[in-house]
file target.txt (compact mmCIF, C-alpha atoms)
# COMPACT_ATOMS: atom_id res chain seq x y z
CA MET A 1 -4.22 21.04 24.48
CA SER A 2 -7.56 19.22 24.11
CA ILE A 3 -9.93 18.44 26.98
CA TRP A 4 -9.16 14.74 26.50
CA SER A 5 -5.43 15.25 26.93
CA THR A 6 -6.00 17.63 29.87
CA THR A 7 -8.15 14.99 31.58
CA LYS A 8 -5.76 12.16 30.76
CA THR A 9 -2.82 14.16 32.13
CA ALA A 10 -4.73 14.84 35.36
CA LEU A 11 -5.56 11.15 35.89
CA THR A 12 -2.40 9.41 34.61
CA GLY A 13 -0.46 9.98 37.82
CA LEU A 14 -2.94 7.87 39.80
CA GLY A 15 -1.59 4.68 38.23
CA PHE A 16 -4.93 3.09 37.29
CA PRO A 17 -5.62 1.72 33.82
CA LEU A 18 -7.30 4.58 31.96
CA ALA A 19 -9.41 4.88 28.80
CA ALA A 20 -11.30 7.57 26.93
CA SER A 21 -15.01 6.77 26.39
CA ALA A 22 -14.79 2.99 27.00
CA MET A 23 -12.35 0.37 28.26
CA ILE A 24 -11.96 -1.88 25.22
CA LEU A 25 -9.75 -4.93 25.60
CA ALA A 26 -8.58 -7.66 23.29
CA THR A 27 -11.07 -10.48 22.80
CA GLY A 28 -11.02 -12.79 25.81
CA ALA A 29 -9.09 -10.40 28.05
CA ASP A 30 -10.45 -9.61 31.49
CA LEU A 31 -11.12 -6.08 32.68
CA PRO A 32 -8.68 -4.83 35.32
CA ASP A 33 -9.80 -5.00 38.95
CA GLU A 34 -9.74 -1.18 39.06
CA TYR A 35 -9.86 1.24 36.15
CA LEU A 36 -11.02 4.71 35.08
CA VAL A 37 -12.96 5.83 32.01
CA TYR A 38 -13.38 9.50 31.10
CA GLN A 39 -15.54 11.26 28.55
CA MET A 40 -16.66 14.74 27.60
CA ILE A 41 -20.37 15.23 28.30
CA SER A 42 -20.80 18.76 26.92
CA ASN A 43 -18.79 21.83 25.95
CA PRO A 44 -20.97 24.95 25.71
CA PRO A 45 -19.56 28.40 25.02
CA GLU A 46 -19.66 30.56 28.14
CA MET A 47 -18.72 34.03 26.90
CA ARG A 48 -18.48 35.94 23.65
CA ALA A 49 -16.93 39.27 22.71
CA ASP A 50 -17.22 40.94 19.30
CA ASN A 51 -19.05 37.88 17.94
CA LEU A 52 -16.17 35.59 18.95
CA GLU A 53 -16.16 32.95 21.63
CA THR A 54 -13.80 33.86 24.48
CA LEU A 55 -14.63 31.24 27.14
CA ARG A 56 -15.76 27.63 26.83
CA SER A 57 -16.62 25.19 29.58
CA TYR A 58 -16.25 21.43 29.41
CA ARG A 59 -18.27 18.98 31.48
CA VAL A 60 -16.20 15.82 31.90
CA GLN A 61 -17.33 12.59 33.51
CA VAL A 62 -14.82 10.25 35.14
CA SER A 63 -16.21 6.79 35.86
CA VAL A 64 -14.44 4.76 38.52
CA TYR A 65 -14.74 0.96 38.46
CA SER A 66 -13.49 -1.36 41.19
CA ARG A 67 -14.14 -4.94 42.23
CA THR A 68 -13.32 -4.17 45.88
CA GLY A 69 -15.59 -1.16 46.40
CA LEU A 70 -15.40 2.59 46.19
CA ALA A 71 -13.97 3.67 49.53
CA VAL A 72 -10.69 5.22 48.29
CA ILE A 73 -10.47 5.72 44.52
CA PRO A 74 -13.10 8.49 44.08
CA ALA A 75 -11.23 10.67 46.60
CA GLN A 76 -7.97 10.12 44.70
CA VAL A 77 -9.68 11.08 41.44
CA GLU A 78 -11.14 14.21 43.01
CA THR A 79 -7.77 15.31 44.38
CA ALA A 80 -6.12 14.84 40.95
CA MET A 81 -8.88 16.62 39.03
CA LEU A 82 -9.02 19.60 41.39
CA ALA A 83 -5.22 19.95 41.25
CA ALA A 84 -5.48 20.09 37.42
CA GLY A 85 -7.91 23.02 37.53
CA PHE A 86 -11.24 21.19 37.29
CA THR A 87 -14.22 22.09 39.49
CA ARG A 88 -16.27 19.32 41.11
CA LEU A 89 -19.90 19.20 40.03
CA GLU A 90 -21.77 16.06 41.08
CA GLY A 91 -21.38 12.34 41.41
CA ARG A 92 -23.52 9.24 41.47
CA GLU A 93 -23.13 5.55 42.08
CA LEU A 94 -23.48 3.30 39.06
CA PRO A 95 -25.30 -0.03 39.24
CA TYR A 96 -23.18 -3.00 40.32
CA ASN A 97 -22.17 -5.04 37.27
CA SER A 98 -22.68 -8.68 38.25
CA GLN A 99 -21.14 -9.88 34.99
CA THR A 100 -17.76 -8.17 35.56
CA ARG A 101 -18.16 -7.87 39.37
CA HIS A 102 -17.36 -4.14 39.33
CA PHE A 103 -18.79 -1.42 41.51
CA GLY A 104 -18.98 1.93 39.73
CA CYS A 105 -19.15 5.63 40.45
CA ALA A 106 -19.51 8.53 37.97
CA LEU A 107 -17.92 11.84 38.95
CA ASP A 108 -18.62 15.02 36.97
CA TYR A 109 -16.25 17.96 36.68
CA ASN A 110 -16.22 21.32 34.92
CA TYR A 111 -13.20 22.86 33.19
CA LEU A 112 -13.24 26.49 32.01
CA GLU A 113 -10.91 27.43 29.16
CA GLU A 114 -10.09 30.66 27.37
CA VAL A 115 -10.55 30.31 23.64

call {"tool": "encode", "arguments": {"input": "target.txt", "output": "structure tokens"}}
result
Amino acid sequence: MSIWSTTKTALTGLGFPLAASAMILATGADLPDEYLVYQMISNPPEMRADNLETLRSYRVQVSVYSRTGLAVIPAQVETAMLAAGFTRLEGRELPYNSQTRHFGCALDYNYLEEV
């Protein structure tokens, strides 16, 4: 299973619209009031044996967007990601988007996988 499908599986149960890399809608369509976007930031090898990679880590960012604020959704994302085997790294607030009226928060996670 790829890191994208692992991340998507972890987040699908939350019920928010979800996209990999960017939320792209049909021309003229409005963004949902709340949605999630995930992307892989890096995937360095972590361990080698006999010149072969044995462990790889993936840094994944989940961006949360909401027009009503960020009081609840980041905690729901964290619960889902931790339950799927991810480790929480860091998070940061994204600038308010006055054009779409969305607040944003980026949450980073690590996932370690045997190769």

call {"tool": "residues_around", "arguments": {"input": "target.txt", "residues": "A:Pro95", "least_positions_apart": "6", "cutoff": "12 Å", "atoms": "all atoms listed in the file", "output": "MDAnalysis selection string"}}
result
chainID A and resid 63:65 101:106

call {"tool": "write_last_selection", "arguments": {"input": "target.txt", "atoms": "C-alpha atoms", "output": "PDB file, keeping the file's coordinate frame"}}
result
ATOM      1  CA  SER A  63     -16.210   6.790  35.860  1.00  0.00           C
ATOM      2  CA  VAL A  64     -14.440   4.760  38.520  1.00  0.00           C
ATOM      3  CA  TYR A  65     -14.740   0.960  38.460  1.00  0.00           C
ATOM      4  CA  ARG A 101     -18.160  -7.870  39.370  1.00  0.00           C
ATOM      5  CA  HIS A 102     -17.360  -4.140  39.330  1.00  0.00           C
ATOM      6  CA  PHE A 103     -18.790  -1.420  41.510  1.00  0.00           C
ATOM      7  CA  GLY A 104     -18.980   1.930  39.730  1.00  0.00           C
ATOM      8  CA  CYS A 105     -19.150   5.630  40.450  1.00  0.00           C
ATOM      9  CA  ALA A 106     -19.510   8.530  37.970  1.00  0.00           C
TER      10      ALA A 106
END

call {"tool": "residues_around", "arguments": {"input": "target.txt", "residues": "A:Thr7", "least_positions_apart": "2", "cutoff": "9 Å", "atoms": "all atoms listed in the file", "output": "PyMOL selection string"}}
result
chain A and resi 2-5+9-12+38-39+60+62+81+84+86

call {"tool": "atom_distance", "arguments": {"input": "target.txt", "atom1": "atom CA of A:Leu18", "atom2": "atom CA of A:Ser57"}}
result
22.7 Å

call {"tool": "closest_residue", "arguments": {"input": "target.txt", "among": "A:Ala20, A:Ser42, A:Ala26, A:Thr68", "to": "A:Arg56", "atoms": "all atoms listed in the file"}}
result
A:Ser42

call {"tool": "closest_atom_pairs", "arguments": {"input": "target.txt", "of": "stretch 3-60 of chain A", "to": "stretch 72-75 of chain A", "cutoff": "10 Å", "atoms": "only C-alpha atoms", "output": "tab-separated table"}}
result
residue	atom	partner	partner_atom	distance
A:Leu14	CA	A:Ile73	CA	9.1
A:Phe16	CA	A:Ile73	CA	9.5
A:Glu34	CA	A:Ile73	CA	8.8
A:Tyr35	CA	A:Ile73	CA	9.5
A:Leu36	CA	A:Ile73	CA	9.5

call {"tool": "atom_distance", "arguments": {"input": "target.txt", "atom1": "atom CA of A:Tyr109", "atom2": "atom CA of A:Leu82"}}
result
8.8 Å

call {"tool": "atom_distance", "arguments": {"input": "target.txt", "atom1": "atom CA of A:Val37", "atom2": "atom CA of A:Met1"}}
result
19.1 Å
